[in-house]
Each structure stands twice: as C-alpha cells, then as structure tokens.
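S.K.: This is the structure I have questions about; it appears just below.
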Amino acid sequence: DKLVDILNSSKSKSETMKELKTAIGDAEAADPISTANEARILYKMRSLMDARTILKPMAEVSCSYHDPSLTRGLACEKDLTPRNCGDPDGGKGEYGPELMFGHRFSKLGTIYQGQEIGITKVVVGGTEIYRDWSKSNAGSNYWNNLVDAIKASRGSMKGFVWFQGENDSFEEENFENYLGNLTQFVSDVRGEIFKTSSSFSSPDDVPVVIVELGAWRYSTAGMRAVIKAQRRFVKSTINT
C-alpha cells in the first residue's frame, strides 16, 4: 500500500524515485542494486499501480490457482485478481508475478493482443526442484499435480514459467546439481505440454521463462550457484 501511495503522488520523478528506493530499501534483506532496479520498474509501470486497477477483476485474463499441498482438486478459472491467483485469505500481499504479467501482457503488441488469456498456477512454497517436482519422484511429490493441470488445459497452454530455486540454495548437493535437475525438469514439462497441444511441432517449441532468483544482501554461495545455473540453462536451451 505504501508503494502504491508513493506512485500515485503528484511529486516529480526524482522525488518519487527517491521515496521508492527508501521504502524498498527498508526491507531487512534489501540489496542496493535490486532496490534501484525494482524502483525503476515500478515507476515505469506506475499507471497500473492504482488500487482500483490492481484489485479490479480482469475479465479478459483468467487464473486457475492450485496449491496441491492444501487441496487435491484443481481450481476453477476466475477473473484475475490478487485473491483469485494467490491470496486465498483475501489480503493484498500474497501473489506472484502473474498479477502484473496479466495486467501488462494483455496490453502488449503480441499475437495474443485482444484475446482472452488464461493463467494456470500450480504452486507450493519452500520446495526443492528434484525432491518436490521431478518426474523421477512422481507419486511422492507434486509432479502428477502439475501434469493434471497441464492436461486440464486441453491443449491451450502456450508456454511455461518456472519461478523457484531459493530452497535449492541451502544444501550443496542441491545447488551443485541444479542445472541438471532444471534441464531434465523443463524437458519433461515440455513433453507433457506437447502431448496435449497441436500448437507445437516438437517439445522444444514450447516457450519457457525462467524467473531468476533476486539478489539480496545475504546472498550465499548456494544462491549464486543457483542463479548461475539458471543463466546457463537459458543461454544454452532453445526457446527460453
């Protein structure tokens, strides 16, 4: 709410940027570089930073939110709001990048402009990629839940976004093997999407976005290793 108030003030750009950096930098683990970048991005997107815009349901963008650690069944699609795609208790702070993605992507000049957009979100916090998501551990993790969500899309998925990695930065075995685990995991996900869709000529055609872990003041060797693995994967993998 504080950031929204700052962005909706009538102050100059320099004053607004200064206040944004101060507010963001007050966070316990804030990093100066990421703080400056976040302030710059928020200022650029200030036209969306209005409670009437952010909280208003988007009829043209729908979201299906599913946390398999809490519920077994898949959720129905609802108009995109902070609550419908990641804030089941109705607050304002428990959503991910899908909210701003929905607001921004629908207005970009892509081939999907003017079309309805659907977001399928399968999420469990505090997970490790191999233990909790890999196909090789199916039956004892969330892989089957992810596959169920892909199948439920009935071939409408046009891409895949992966936002995870912090919990893999704590144990050496996890961060040292993150690149290989990520490579195999994305390959398996692409294969599942390809099986359900006629939009792609091969699994490698499925677009993939890897959200890099953010920099913070207490970055560890493990976190830097995960970030390096994410960058190497994107650099060496087609359509990522």
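By order in the structure tokens, chains are A, B, ...; within a chain, residues start at 1; ligands start at 1, following the order shown.
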As a ChimeraX atom specification, please: all residues of segment 65-215 of chain A that backbone DSSP puts in strand (DSSP E).

M.R.: /A:65-66,78-80,117-122,160-162,208-210

S.K.: Return as a Markdown table the residues of segment 8-120 of chain A lying at most 12 Å from segment 151-175 of chain A, together with the closest atom-to-atom pair for each and the distance in Å to one decimal, counting only C-alpha atoms, with rows in chain order and ascending residue number.

M.R.:
```
| residue | atom | partner | partner_atom | distance |
| --- | --- | --- | --- | --- |
| A:Cys63 | CA | A:Ser153 | CA | 11.6 |
| A:Ser64 | CA | A:Ser153 | CA | 10.1 |
| A:Gly73 | CA | A:Ala152 | CA | 11.1 |
| A:Leu74 | CA | A:Ala152 | CA | 8.5 |
| A:Ala75 | CA | A:Ala152 | CA | 10.4 |
| A:Cys76 | CA | A:Ala152 | CA | 10.3 |
| A:Glu77 | CA | A:Ser153 | CA | 10.6 |
| A:Gly96 | CA | A:Phe163 | CA | 9.2 |
| A:Pro97 | CA | A:Phe163 | CA | 9.1 |
| A:Glu98 | CA | A:Val161 | CA | 9.6 |
| A:Phe101 | CA | A:Val161 | CA | 11.2 |
| A:Ile111 | CA | A:Lys158 | CA | 11.6 |
| A:Tyr112 | CA | A:Lys158 | CA | 10.3 |
| A:Glu116 | CA | A:Ser156 | CA | 11.5 |
| A:Ile117 | CA | A:Ser156 | CA | 9.9 |
| A:Gly118 | CA | A:Met157 | CA | 8.5 |
| A:Ile119 | CA | A:Met157 | CA | 8.8 |
| A:Thr120 | CA | A:Ser153 | CA | 8.1 |
```

S.K.: Excluding Met49 of chain A and its own-chain neighbours fewer than 2 positions away, which residues fall within 12 Å of it when counting only C-alpha atoms? Please give them as a PDB file with C-alpha atoms, in the first residue's frame.

M.R.:
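Output contents, as saved in result03.pdb:
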```pdb
ATOM      1  CA  ASP A   1       0.000   0.000   0.000  1.00  0.00           C
ATOM      2  CA  LYS A   2       2.874   2.389   0.780  1.00  0.00           C
ATOM      3  CA  LEU A   3       4.437   1.885  -2.639  1.00  0.00           C
ATOM      4  CA  VAL A   4       1.082   2.433  -4.347  1.00  0.00           C
ATOM      5  CA  ASP A   5       0.641   5.680  -2.424  1.00  0.00           C
ATOM      6  CA  ILE A   6       4.106   6.865  -3.455  1.00  0.00           C
ATOM      7  CA  LEU A   7       3.449   6.073  -7.116  1.00  0.00           C
ATOM      8  CA  ASN A   8       0.119   7.879  -7.067  1.00  0.00           C
ATOM      9  CA  SER A   9       1.526  11.063  -5.559  1.00  0.00           C
ATOM     10  CA  ILE A  41      10.479  -0.917 -12.924  1.00  0.00           C
ATOM     11  CA  LEU A  42       7.720   0.154 -10.542  1.00  0.00           C
ATOM     12  CA  TYR A  43       7.944   3.729 -11.753  1.00  0.00           C
ATOM     13  CA  LYS A  44       7.726   2.583 -15.361  1.00  0.00           C
ATOM     14  CA  MET A  45       4.573   0.597 -14.520  1.00  0.00           C
ATOM     15  CA  ARG A  46       3.043   3.306 -12.333  1.00  0.00           C
ATOM     16  CA  SER A  47      -0.082   3.564 -14.496  1.00  0.00           C
ATOM     17  CA  ALA A  51      -5.848   0.062  -6.135  1.00  0.00           C
ATOM     18  CA  ARG A  52      -8.802   0.457  -8.471  1.00  0.00           C
ATOM     19  CA  THR A  53      -6.795  -1.135 -11.270  1.00  0.00           C
ATOM     20  CA  ILE A  54      -4.936  -3.818  -9.334  1.00  0.00           C
ATOM     21  CA  LEU A  55      -7.878  -5.063  -7.286  1.00  0.00           C
ATOM     22  CA  LYS A  56     -10.471  -4.908 -10.064  1.00  0.00           C
ATOM     23  CA  LEU A  99      -0.726 -10.448 -11.384  1.00  0.00           C
ATOM     24  CA  MET A 100       1.399  -7.824 -13.129  1.00  0.00           C
ATOM     25  CA  HIS A 103      -2.138  -6.628 -16.484  1.00  0.00           C
ATOM     26  CA  ARG A 104       0.842  -5.915 -18.705  1.00  0.00           C
TER      27      ARG A 104
END
```

S.K.: Can you list, as a ChimeraX atom specification, every residue of segment 14-226 of chain A that DSSP puts in helix (DSSP H, G or I)?

M.R.: /A:14-25,32-44,46-48,51-54,98-105,129-133,135-137,143-152,166-169,172-176,178-196,203-205,221-226

S.K.: Using only C-alpha atoms, which residues sit within 12 Å of Gln113 of chain A once same-chain residues fewer than 5 positions away are excluded, as a count of residues only?

M.R.: 9

S.K.: Enter the distance from atom CA of Val147 of chain A to atom CA of Tyr65 of chain A, in Å, rounded to one decimal.

M.R.: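 That distance, rounded to one decimal, is 14.4 Å.
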
S.K.: If we count only C-alpha atoms and set the cut-off at 12 Å, which residues sit around segment 201-206 of chain A, ignoring sequence neighbours fewer than 2 positions away in its own chain? Please answer as a list of chain:residue names.

M.R.: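 Listing them by chain and then by number gives A:Gly155, A:Ser156, A:Met157, A:Lys158, A:Gly159, A:Phe160, A:Val161, A:Thr183, A:Val186, A:Ser187, A:Asp188, A:Val189, A:Arg190, A:Gly191, A:Glu192, A:Ile193, A:Phe194, A:Lys195, A:Thr196, A:Ser197, A:Ser198, A:Ser199, A:Val208, A:Val209, A:Thr237, A:Ile238, A:Asn239, A:Thr240.
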
S.K.: Limited to N, CA and C atoms, could you put the picked residues into a file as a PDB file, in the first residue's frame?

M.R.:
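What landed in result-v9.pdb:
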```
ATOM      1  N   GLY A 155      -4.880 -28.561 -24.128  1.00  0.00           N
ATOM      2  CA  GLY A 155      -4.097 -28.122 -25.285  1.00  0.00           C
ATOM      3  C   GLY A 155      -3.988 -26.629 -25.466  1.00  0.00           C
ATOM      4  N   SER A 156      -4.457 -25.855 -24.517  1.00  0.00           N
ATOM      5  CA  SER A 156      -4.456 -24.392 -24.682  1.00  0.00           C
ATOM      6  C   SER A 156      -3.182 -23.722 -24.172  1.00  0.00           C
ATOM      7  N   MET A 157      -2.276 -24.469 -23.524  1.00  0.00           N
ATOM      8  CA  MET A 157      -1.066 -23.855 -22.986  1.00  0.00           C
ATOM      9  C   MET A 157      -0.131 -23.431 -24.105  1.00  0.00           C
ATOM     10  N   LYS A 158       0.359 -22.192 -23.984  1.00  0.00           N
ATOM     11  CA  LYS A 158       1.250 -21.623 -24.995  1.00  0.00           C
ATOM     12  C   LYS A 158       2.663 -21.400 -24.467  1.00  0.00           C
ATOM     13  N   GLY A 159       2.904 -21.742 -23.202  1.00  0.00           N
ATOM     14  CA  GLY A 159       4.221 -21.552 -22.626  1.00  0.00           C
ATOM     15  C   GLY A 159       4.253 -21.986 -21.177  1.00  0.00           C
ATOM     16  N   PHE A 160       5.446 -21.944 -20.589  1.00  0.00           N
ATOM     17  CA  PHE A 160       5.634 -22.402 -19.214  1.00  0.00           C
ATOM     18  C   PHE A 160       6.584 -21.452 -18.491  1.00  0.00           C
ATOM     19  N   VAL A 161       6.214 -21.037 -17.282  1.00  0.00           N
ATOM     20  CA  VAL A 161       7.044 -20.150 -16.458  1.00  0.00           C
ATOM     21  C   VAL A 161       7.433 -20.896 -15.190  1.00  0.00           C
ATOM     22  N   THR A 183      17.276 -28.773 -16.155  1.00  0.00           N
ATOM     23  CA  THR A 183      17.260 -29.185 -17.559  1.00  0.00           C
ATOM     24  C   THR A 183      16.309 -30.363 -17.765  1.00  0.00           C
ATOM     25  N   VAL A 186      12.455 -29.257 -17.061  1.00  0.00           N
ATOM     26  CA  VAL A 186      11.853 -28.484 -18.139  1.00  0.00           C
ATOM     27  C   VAL A 186      11.599 -29.370 -19.355  1.00  0.00           C
ATOM     28  N   SER A 187      12.525 -30.273 -19.638  1.00  0.00           N
ATOM     29  CA  SER A 187      12.334 -31.202 -20.746  1.00  0.00           C
ATOM     30  C   SER A 187      11.081 -32.055 -20.543  1.00  0.00           C
ATOM     31  N   ASP A 188      10.888 -32.522 -19.323  1.00  0.00           N
ATOM     32  CA  ASP A 188       9.712 -33.347 -19.021  1.00  0.00           C
ATOM     33  C   ASP A 188       8.427 -32.525 -19.111  1.00  0.00           C
ATOM     34  N   VAL A 189       8.460 -31.288 -18.625  1.00  0.00           N
ATOM     35  CA  VAL A 189       7.278 -30.430 -18.695  1.00  0.00           C
ATOM     36  C   VAL A 189       6.935 -30.115 -20.143  1.00  0.00           C
ATOM     37  N   ARG A 190       7.939 -29.796 -20.925  1.00  0.00           N
ATOM     38  CA  ARG A 190       7.700 -29.528 -22.343  1.00  0.00           C
ATOM     39  C   ARG A 190       7.076 -30.743 -23.029  1.00  0.00           C
ATOM     40  N   GLY A 191       7.538 -31.921 -22.661  1.00  0.00           N
ATOM     41  CA  GLY A 191       6.980 -33.130 -23.249  1.00  0.00           C
ATOM     42  C   GLY A 191       5.505 -33.297 -22.932  1.00  0.00           C
ATOM     43  N   GLU A 192       5.110 -32.965 -21.699  1.00  0.00           N
ATOM     44  CA  GLU A 192       3.705 -33.072 -21.299  1.00  0.00           C
ATOM     45  C   GLU A 192       2.841 -32.047 -22.022  1.00  0.00           C
ATOM     46  N   ILE A 193       3.337 -30.829 -22.139  1.00  0.00           N
ATOM     47  CA  ILE A 193       2.577 -29.792 -22.853  1.00  0.00           C
ATOM     48  C   ILE A 193       2.438 -30.164 -24.327  1.00  0.00           C
ATOM     49  N   PHE A 194       3.520 -30.672 -24.910  1.00  0.00           N
ATOM     50  CA  PHE A 194       3.496 -31.062 -26.322  1.00  0.00           C
ATOM     51  C   PHE A 194       2.463 -32.152 -26.579  1.00  0.00           C
ATOM     52  N   LYS A 195       2.340 -33.099 -25.651  1.00  0.00           N
ATOM     53  CA  LYS A 195       1.384 -34.198 -25.828  1.00  0.00           C
ATOM     54  C   LYS A 195      -0.059 -33.719 -25.831  1.00  0.00           C
ATOM     55  N   THR A 196      -0.332 -32.596 -25.190  1.00  0.00           N
ATOM     56  CA  THR A 196      -1.711 -32.119 -25.090  1.00  0.00           C
ATOM     57  C   THR A 196      -2.062 -31.083 -26.142  1.00  0.00           C
ATOM     58  N   SER A 197      -1.072 -30.603 -26.901  1.00  0.00           N
ATOM     59  CA  SER A 197      -1.301 -29.451 -27.773  1.00  0.00           C
ATOM     60  C   SER A 197      -0.930 -29.747 -29.220  1.00  0.00           C
ATOM     61  N   SER A 198      -1.646 -29.103 -30.122  1.00  0.00           N
ATOM     62  CA  SER A 198      -1.323 -29.197 -31.548  1.00  0.00           C
ATOM     63  C   SER A 198      -0.634 -27.923 -32.029  1.00  0.00           C
ATOM     64  N   SER A 199      -0.260 -27.054 -31.074  1.00  0.00           N
ATOM     65  CA  SER A 199       0.341 -25.766 -31.430  1.00  0.00           C
ATOM     66  C   SER A 199       1.837 -25.861 -31.710  1.00  0.00           C
ATOM     67  N   VAL A 208       9.656 -21.273 -22.772  1.00  0.00           N
ATOM     68  CA  VAL A 208       9.867 -21.411 -21.327  1.00  0.00           C
ATOM     69  C   VAL A 208      10.515 -20.138 -20.788  1.00  0.00           C
ATOM     70  N   VAL A 209      10.003 -19.658 -19.683  1.00  0.00           N
ATOM     71  CA  VAL A 209      10.574 -18.497 -18.991  1.00  0.00           C
ATOM     72  C   VAL A 209      11.061 -18.955 -17.621  1.00  0.00           C
ATOM     73  N   THR A 237      19.689 -23.250 -23.833  1.00  0.00           N
ATOM     74  CA  THR A 237      18.468 -24.004 -24.162  1.00  0.00           C
ATOM     75  C   THR A 237      17.590 -23.200 -25.113  1.00  0.00           C
ATOM     76  N   ILE A 238      17.167 -23.820 -26.177  1.00  0.00           N
ATOM     77  CA  ILE A 238      16.350 -23.160 -27.185  1.00  0.00           C
ATOM     78  C   ILE A 238      15.003 -22.726 -26.629  1.00  0.00           C
ATOM     79  N   ASN A 239      14.521 -21.576 -27.115  1.00  0.00           N
ATOM     80  CA  ASN A 239      13.186 -21.042 -26.760  1.00  0.00           C
ATOM     81  C   ASN A 239      13.016 -20.812 -25.272  1.00  0.00           C
ATOM     82  N   THR A 240      14.070 -20.332 -24.622  1.00  0.00           N
ATOM     83  CA  THR A 240      13.950 -19.972 -23.214  1.00  0.00           C
ATOM     84  C   THR A 240      14.390 -18.518 -23.038  1.00  0.00           C
TER      85      THR A 240
END
```

S.K.: Taking only C-alpha atoms into account, name the residue in A:Gln184, A:Ser34, A:Leu213, A:Gly86 that is nearest to Arg231 of chain A.

M.R.: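 Answer, going by the shortest atom-to-atom distance: A:Leu213.
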
S.K.: Pick the closest to Ile150 of chain A from A:Val122, A:Ala27, A:Leu20, A:Ala215: which is it, counting only C-alpha atoms?

M.R.: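 Using only C-alpha atoms, the shortest distance to Ile150 of chain A belongs to A:Val122.
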